[in-house]
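J.: Here you go, protein_22.cif (mmCIF, C-alpha atoms):
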data_final
#
loop_
_atom_site.group_PDB
_atom_site.id
_atom_site.type_symbol
_atom_site.label_atom_id
_atom_site.label_comp_id
_atom_site.auth_asym_id
_atom_site.auth_seq_id
_atom_site.Cartn_x
_atom_site.Cartn_y
_atom_site.Cartn_z
ATOM 1 C CA MET G 77 118.068 94.269 83.158
ATOM 2 C CA GLU G 78 117.158 97.398 85.029
ATOM 3 C CA VAL G 79 116.497 100.681 83.197
ATOM 4 C CA CYS G 80 116.204 104.273 84.302
ATOM 5 C CA CYS G 81 116.187 107.622 82.591
ATOM 6 C CA ILE G 82 117.533 110.846 84.123
ATOM 7 C CA GLU G 83 117.607 114.400 82.864
ATOM 8 C CA THR G 84 121.021 115.879 81.994
ATOM 9 C CA PRO G 85 122.127 119.166 80.390
ATOM 10 C CA ILE G 86 122.408 117.410 77.000
ATOM 11 C CA GLY G 87 119.209 115.361 77.056
ATOM 12 C CA TYR G 88 117.898 112.360 78.904
ATOM 13 C CA ALA G 89 120.407 109.684 79.883
ATOM 14 C CA LYS G 90 118.969 106.204 79.493
ATOM 15 C CA ILE G 91 120.929 103.830 81.721
ATOM 16 C CA VAL G 92 120.676 100.047 81.426
ATOM 17 C CA GLY G 93 122.400 97.509 83.639
ATOM 18 C CA ASP G 94 122.194 95.048 86.486
ATOM 19 C CA HIS G 95 124.389 93.697 89.275
ATOM 20 C CA ASN G 96 126.903 92.552 86.631
ATOM 21 C CA GLY G 97 127.490 96.158 85.575
ATOM 22 C CA ILE G 98 126.283 98.946 83.316
ATOM 23 C CA THR G 99 125.562 97.695 79.792
ATOM 24 C CA SER G 100 124.572 100.977 78.168
ATOM 25 C CA VAL G 101 124.231 104.701 78.642
ATOM 26 C CA SER G 102 122.755 106.711 75.805
ATOM 27 C CA ILE G 103 121.429 110.239 75.513
ATOM 28 C CA LEU G 104 117.955 110.808 74.118
ATOM 29 C CA ASP G 105 116.155 113.978 73.108
ATOM 30 C CA LYS G 106 113.008 112.925 74.956
ATOM 31 C CA SER G 107 112.539 111.024 78.163
ATOM 32 C CA GLU G 108 111.571 107.380 78.043
ATOM 33 C CA ASN G 109 109.547 107.324 81.226
ATOM 34 C CA ALA G 110 111.919 109.339 83.388
ATOM 35 C CA SER G 111 111.068 108.702 86.990
ATOM 36 C CA GLU G 112 112.448 109.461 90.382
ATOM 37 C CA TYR G 113 112.844 105.746 91.117
ATOM 38 C CA ILE G 114 116.375 104.552 90.448
ATOM 39 C CA PRO G 115 116.904 100.768 90.584
ATOM 40 C CA GLU G 116 119.583 99.826 93.112
ATOM 41 C CA PRO G 117 122.072 98.422 90.535
ATOM 42 C CA LEU G 118 121.983 101.795 88.700
ATOM 43 C CA GLU G 119 122.269 104.120 91.715
ATOM 44 C CA ASP G 120 126.067 104.559 91.549
ATOM 45 C CA CYS G 121 125.899 105.303 87.833
ATOM 46 C CA VAL G 122 123.214 107.958 88.345
ATOM 47 C CA THR G 123 125.153 109.506 91.226
ATOM 48 C CA GLN G 124 128.393 109.624 89.220
ATOM 49 C CA LEU G 125 126.745 110.996 86.055
ATOM 50 C CA LYS G 126 125.119 113.785 88.080
ATOM 51 C CA ALA G 127 128.487 114.572 89.694
ATOM 52 C CA TYR G 128 130.153 114.630 86.243
ATOM 53 C CA PHE G 129 127.597 117.107 84.910
ATOM 54 C CA ASN G 130 127.976 119.230 88.081
ATOM 55 C CA ASN G 131 131.780 119.442 87.618
ATOM 56 C CA GLN G 132 132.352 117.308 90.694
ATOM 57 C CA LEU G 133 133.702 114.160 88.981
ATOM 58 C CA ARG G 134 136.362 113.612 86.345
ATOM 59 C CA THR G 135 136.887 109.852 86.538
ATOM 60 C CA PHE G 136 134.091 107.293 86.687
ATOM 61 C CA ASP G 137 134.457 104.285 88.953
ATOM 62 C CA LEU G 138 131.734 101.885 87.876
ATOM 63 C CA LYS G 139 131.439 98.221 87.038
ATOM 64 C CA LEU G 140 130.866 98.127 83.279
ATOM 65 C CA ASN G 141 129.516 95.245 81.247
ATOM 66 C CA PRO G 142 129.201 96.390 77.620
ATOM 67 C CA GLU G 143 128.267 93.888 74.951
ATOM 68 C CA GLY G 144 130.590 93.774 71.958
ATOM 69 C CA THR G 145 133.294 91.879 70.111
ATOM 70 C CA LEU G 146 136.746 91.345 71.618
ATOM 71 C CA PHE G 147 138.123 94.044 69.294
ATOM 72 C CA GLN G 148 135.396 96.518 70.267
ATOM 73 C CA LYS G 149 136.043 95.876 73.949
ATOM 74 C CA LYS G 150 139.780 96.437 73.382
ATOM 75 C CA VAL G 151 139.025 99.807 71.745
ATOM 76 C CA TRP G 152 136.581 100.766 74.518
ATOM 77 C CA LYS G 153 139.178 99.896 77.153
ATOM 78 C CA HIS G 154 141.633 102.236 75.406
ATOM 79 C CA LEU G 155 138.975 104.965 75.225
ATOM 80 C CA SER G 156 138.555 104.703 78.987
ATOM 81 C CA GLN G 157 142.211 105.666 79.397
ATOM 82 C CA ILE G 158 141.860 109.031 77.618
ATOM 83 C CA PRO G 159 142.122 111.607 80.419
ATOM 84 C CA TYR G 160 139.333 114.031 81.228
ATOM 85 C CA GLY G 161 139.735 117.226 79.216
ATOM 86 C CA LYS G 162 142.029 115.645 76.624
ATOM 87 C CA THR G 163 141.400 114.488 73.075
ATOM 88 C CA ILE G 164 143.007 111.985 70.732
ATOM 89 C CA SER G 165 142.618 111.396 67.008
ATOM 90 C CA TYR G 166 141.267 108.204 65.502
ATOM 91 C CA LEU G 167 144.686 107.691 63.891
ATOM 92 C CA GLU G 168 146.503 108.088 67.227
ATOM 93 C CA LEU G 169 144.101 105.632 68.806
ATOM 94 C CA ALA G 170 144.678 103.100 66.013
ATOM 95 C CA LYS G 171 148.445 103.493 66.452
ATOM 96 C CA GLN G 172 148.153 102.969 70.218
ATOM 97 C CA LEU G 173 146.253 99.771 69.490
ATOM 98 C CA GLY G 174 149.153 98.654 67.305
ATOM 99 C CA ASP G 175 147.927 99.157 63.732
ATOM 100 C CA ALA G 176 147.583 102.548 62.053
ATOM 101 C CA LYS G 177 145.866 100.807 59.128
ATOM 102 C CA ALA G 178 143.025 99.757 61.441
ATOM 103 C CA ILE G 179 141.762 103.340 61.675
ATOM 104 C CA ARG G 180 138.379 102.509 60.105
ATOM 105 C CA ALA G 181 137.851 99.504 62.371
ATOM 106 C CA VAL G 182 138.798 101.653 65.377
ATOM 107 C CA ALA G 183 136.396 104.404 64.272
ATOM 108 C CA ASN G 184 133.656 101.812 63.778
ATOM 109 C CA ALA G 185 134.223 100.326 67.251
ATOM 110 C CA ASN G 186 134.257 103.848 68.708
ATOM 111 C CA GLY G 187 130.900 104.522 67.061
ATOM 112 C CA LYS G 188 129.417 101.357 68.549
ATOM 113 C CA ASN G 189 130.389 102.234 72.118
ATOM 114 C CA PRO G 190 127.220 101.516 74.130
ATOM 115 C CA ILE G 191 128.295 103.400 77.269
ATOM 116 C CA TRP G 192 128.498 107.043 76.246
ATOM 117 C CA ILE G 193 130.255 109.592 78.446
ATOM 118 C CA ILE G 194 131.530 106.946 80.894
ATOM 119 C CA ILE G 195 133.543 105.299 78.102
ATOM 120 C CA PRO G 196 134.549 108.679 76.616
ATOM 121 C CA CYS G 197 134.195 108.174 72.872
ATOM 122 C CA HIS G 198 133.484 111.922 72.635
ATOM 123 C CA ARG G 199 137.201 112.538 73.286
ATOM 124 C CA VAL G 200 138.162 111.125 69.876
ATOM 125 C CA ILE G 201 138.420 113.712 67.092
ATOM 126 C CA GLY G 202 139.701 113.945 63.528
ATOM 127 C CA ALA G 203 143.445 114.106 62.875
ATOM 128 C CA ASP G 204 142.989 117.738 61.769
ATOM 129 C CA GLY G 205 141.298 118.631 65.070
ATOM 130 C CA SER G 206 137.791 118.585 63.624
ATOM 131 C CA LEU G 207 134.809 117.083 65.343
ATOM 132 C CA THR G 208 133.756 113.942 63.566
ATOM 133 C CA GLY G 209 130.877 111.533 64.078
ATOM 134 C CA TYR G 210 129.133 111.054 67.370
ATOM 135 C CA ALA G 211 126.064 108.874 67.706
ATOM 136 C CA GLY G 212 124.447 111.473 69.967
ATOM 137 C CA GLY G 213 125.077 114.288 67.497
ATOM 138 C CA LEU G 214 128.021 116.639 67.079
ATOM 139 C CA HIS G 215 126.301 119.295 69.230
ATOM 140 C CA ARG G 216 126.457 116.916 72.197
ATOM 141 C CA LYS G 217 130.061 115.982 71.459
ATOM 142 C CA GLN G 218 130.962 119.686 71.358
ATOM 143 C CA TRP G 219 129.089 120.287 74.623
ATOM 144 C CA LEU G 220 130.908 117.429 76.389
ATOM 145 C CA LEU G 221 134.316 118.595 75.179
ATOM 146 C CA ASN G 222 133.558 122.180 76.224
ATOM 147 C CA HIS G 223 132.319 120.903 79.590
ATOM 148 C CA GLU G 224 135.629 119.142 80.117
ATOM 149 C CA GLY G 225 137.327 122.433 79.441
ATOM 150 C CA GLU G 226 140.508 121.974 77.493
ATOM 151 C CA TYR G 227 139.209 121.300 73.983
ATOM 152 C CA LYS G 228 139.916 124.079 71.504
ATOM 153 C CA GLN G 229 138.548 123.556 68.018
ATOM 154 C CA GLN G 230 141.128 124.447 65.415
ATOM 155 C CA THR G 231 140.138 127.365 63.260
ATOM 156 C CA LEU G 232 140.774 128.088 59.602
ATOM 157 C CA PHE G 233 141.403 131.775 60.294
#
Can the structure from this file be put into structure tokens for me?

T.:
Amino acid sequence: MEVCCIETPIGYAKIVGDHNGITSVSILDKSENASEYIPEPLEDCVTQLKAYFNNQLRTFDLKLNPEGTLFQKKVWKHLSQIPYGKTISYLELAKQLGDAKAIRAVANANGKNPIWIIIPCHRVIGADGSLTGYAGGLHRKQWLLNHEGEYKQQTLF
């Protein structure tokens, strides 16, 4: 596996993958040996992430190879179909997957997504419009949704 770490507006993106695809992208507060050297199998991912953060890319086109159960991969595939700038609730996602009662399993699979941003788990919100769990912190989830432009947090007033 190849690893690189690049600076982004929300922290350092740690990218892991090889010629079989990207296995993980996570955001860290501190760099884990950020360097200018980008391994060849990760070059497209770095290029596309930079374009995303520079408002020059809305849809990623990368070979992905996340590790997970069949159910998790099914959820992640559905997450990848949520359009840029749009959000969906965990309940809606569970219904799309065919079982509204599976909301907790769907939320759990969402939380275990190893390829942040590219598989857009940040686009899943509470049924009431509230921001709910994000492994990278709610401040990053809010930033990503604001960056994508169309998210409007519901207000109580």

J.: Of the candidates G:Thr123, G:Asn186, G:Asn131, G:Thr145, which shows the shortest atom-to-atom distance to Arg199 in chain G, using all atoms listed in the file?

T.: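 Answer, going by the shortest atom-to-atom distance: G:Asn186.
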
J.: If you count all atoms listed in the file, which residues fall within 8 Å of Leu140 in chain G, apart from same-chain ones fewer than 4 positions away, as a list of chain:residue names?

T.: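 Near Leu140 in chain G, the qualifying residues are G:Asn96, G:Gly97, G:Ile98, G:Thr99.
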
J.: Which residues, named as in the file, does the PyMOL selection byres ((chain G and resi 188) around 10) pick out? Answer as a list in words.

T.: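 Written out, the selection comes to Glu143, Gly144, Gln148, Trp152, Val182, Ala183, Asn184, Ala185, Asn186, Gly187, Asn189, Pro190, Ile191, Trp192, Cys197, Tyr210 and Ala211 of chain G.
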
J.: Would you please work out which residue, of G:Ser206, G:Thr84, G:Phe147, G:Glu78, is nearest to Asn130 in chain G when using all atoms listed in the file?

T.: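 Checking each of G:Ser206, G:Thr84, G:Phe147, G:Glu78 against Asn130 in chain G, counting all atoms listed in the file, the winner is G:Thr84.
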
J.: Please tell me which residues are no farther than 9 Å from (131.2, 99.2, 92.6) in the file, counting all atoms listed in the file, and write them as a list in words.

T.: Gly97, Asp120, Asp137, Leu138 and Lys139 of chain G

J.: For Glu168 in chain G, which residue among G:Leu155, G:Ile194, G:Leu146, G:Ala203 is the nearest when counting all atoms listed in the file?

T.: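 Of G:Leu155, G:Ile194, G:Leu146, G:Ala203, the one nearest Glu168 in chain G is G:Ala203, counting all atoms listed in the file.
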
J.: What is the distance, in Å and to one decimal place, between CA of Tyr88 in chain G and CA of Glu112 in chain G?

T.: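 Computed distance, CA of Tyr88 in chain G to CA of Glu112 in chain G, equals 13.0 Å.
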
J.: So which residues touch Leu207 in chain G within 10 Å, counting only C-alpha atoms, skipping near sequence neighbours fewer than 4 positions away, as an MDAnalysis selection string?

T.: chainID G and resid 165 198:203 214:215 217:218 221 229:230

J.: Might you spell out which residues the PyMOL selection byres ((chain G and resi 115) around 9) would select in the displayed file, as a tab-separated table (two decimals) with C-alpha atoms, keeping the file's coordinate frame?

T.:
chain	number	residue	atom	x	y	z
G	78	GLU	CA	117.16	97.40	85.03
G	79	VAL	CA	116.50	100.68	83.20
G	80	CYS	CA	116.20	104.27	84.30
G	94	ASP	CA	122.19	95.05	86.49
G	113	TYR	CA	112.84	105.75	91.12
G	114	ILE	CA	116.38	104.55	90.45
G	116	GLU	CA	119.58	99.83	93.11
G	117	PRO	CA	122.07	98.42	90.54
G	118	LEU	CA	121.98	101.80	88.70
G	119	GLU	CA	122.27	104.12	91.72

J.: Can you spell out as a list of chain:residue names the set of residues that the PyMOL selection byres ((chain G and resi 161-163) around 6) selects in the structure I just provided?

T.: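 Evaluating the PyMOL selection byres ((chain G and resi 161-163) around 6) on these coordinates yields G:Pro159, G:Tyr160, G:Ile164, G:Arg199, G:Val200, G:Glu224, G:Gly225, G:Glu226.
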
J.: Just give me the gap between CA of Thr208 in chain G and CA of Pro142 in chain G in Å, one decimal is fine.

T.: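 Spanning CA of Thr208 in chain G to CA of Pro142 in chain G is a straight-line distance of 22.9 Å.
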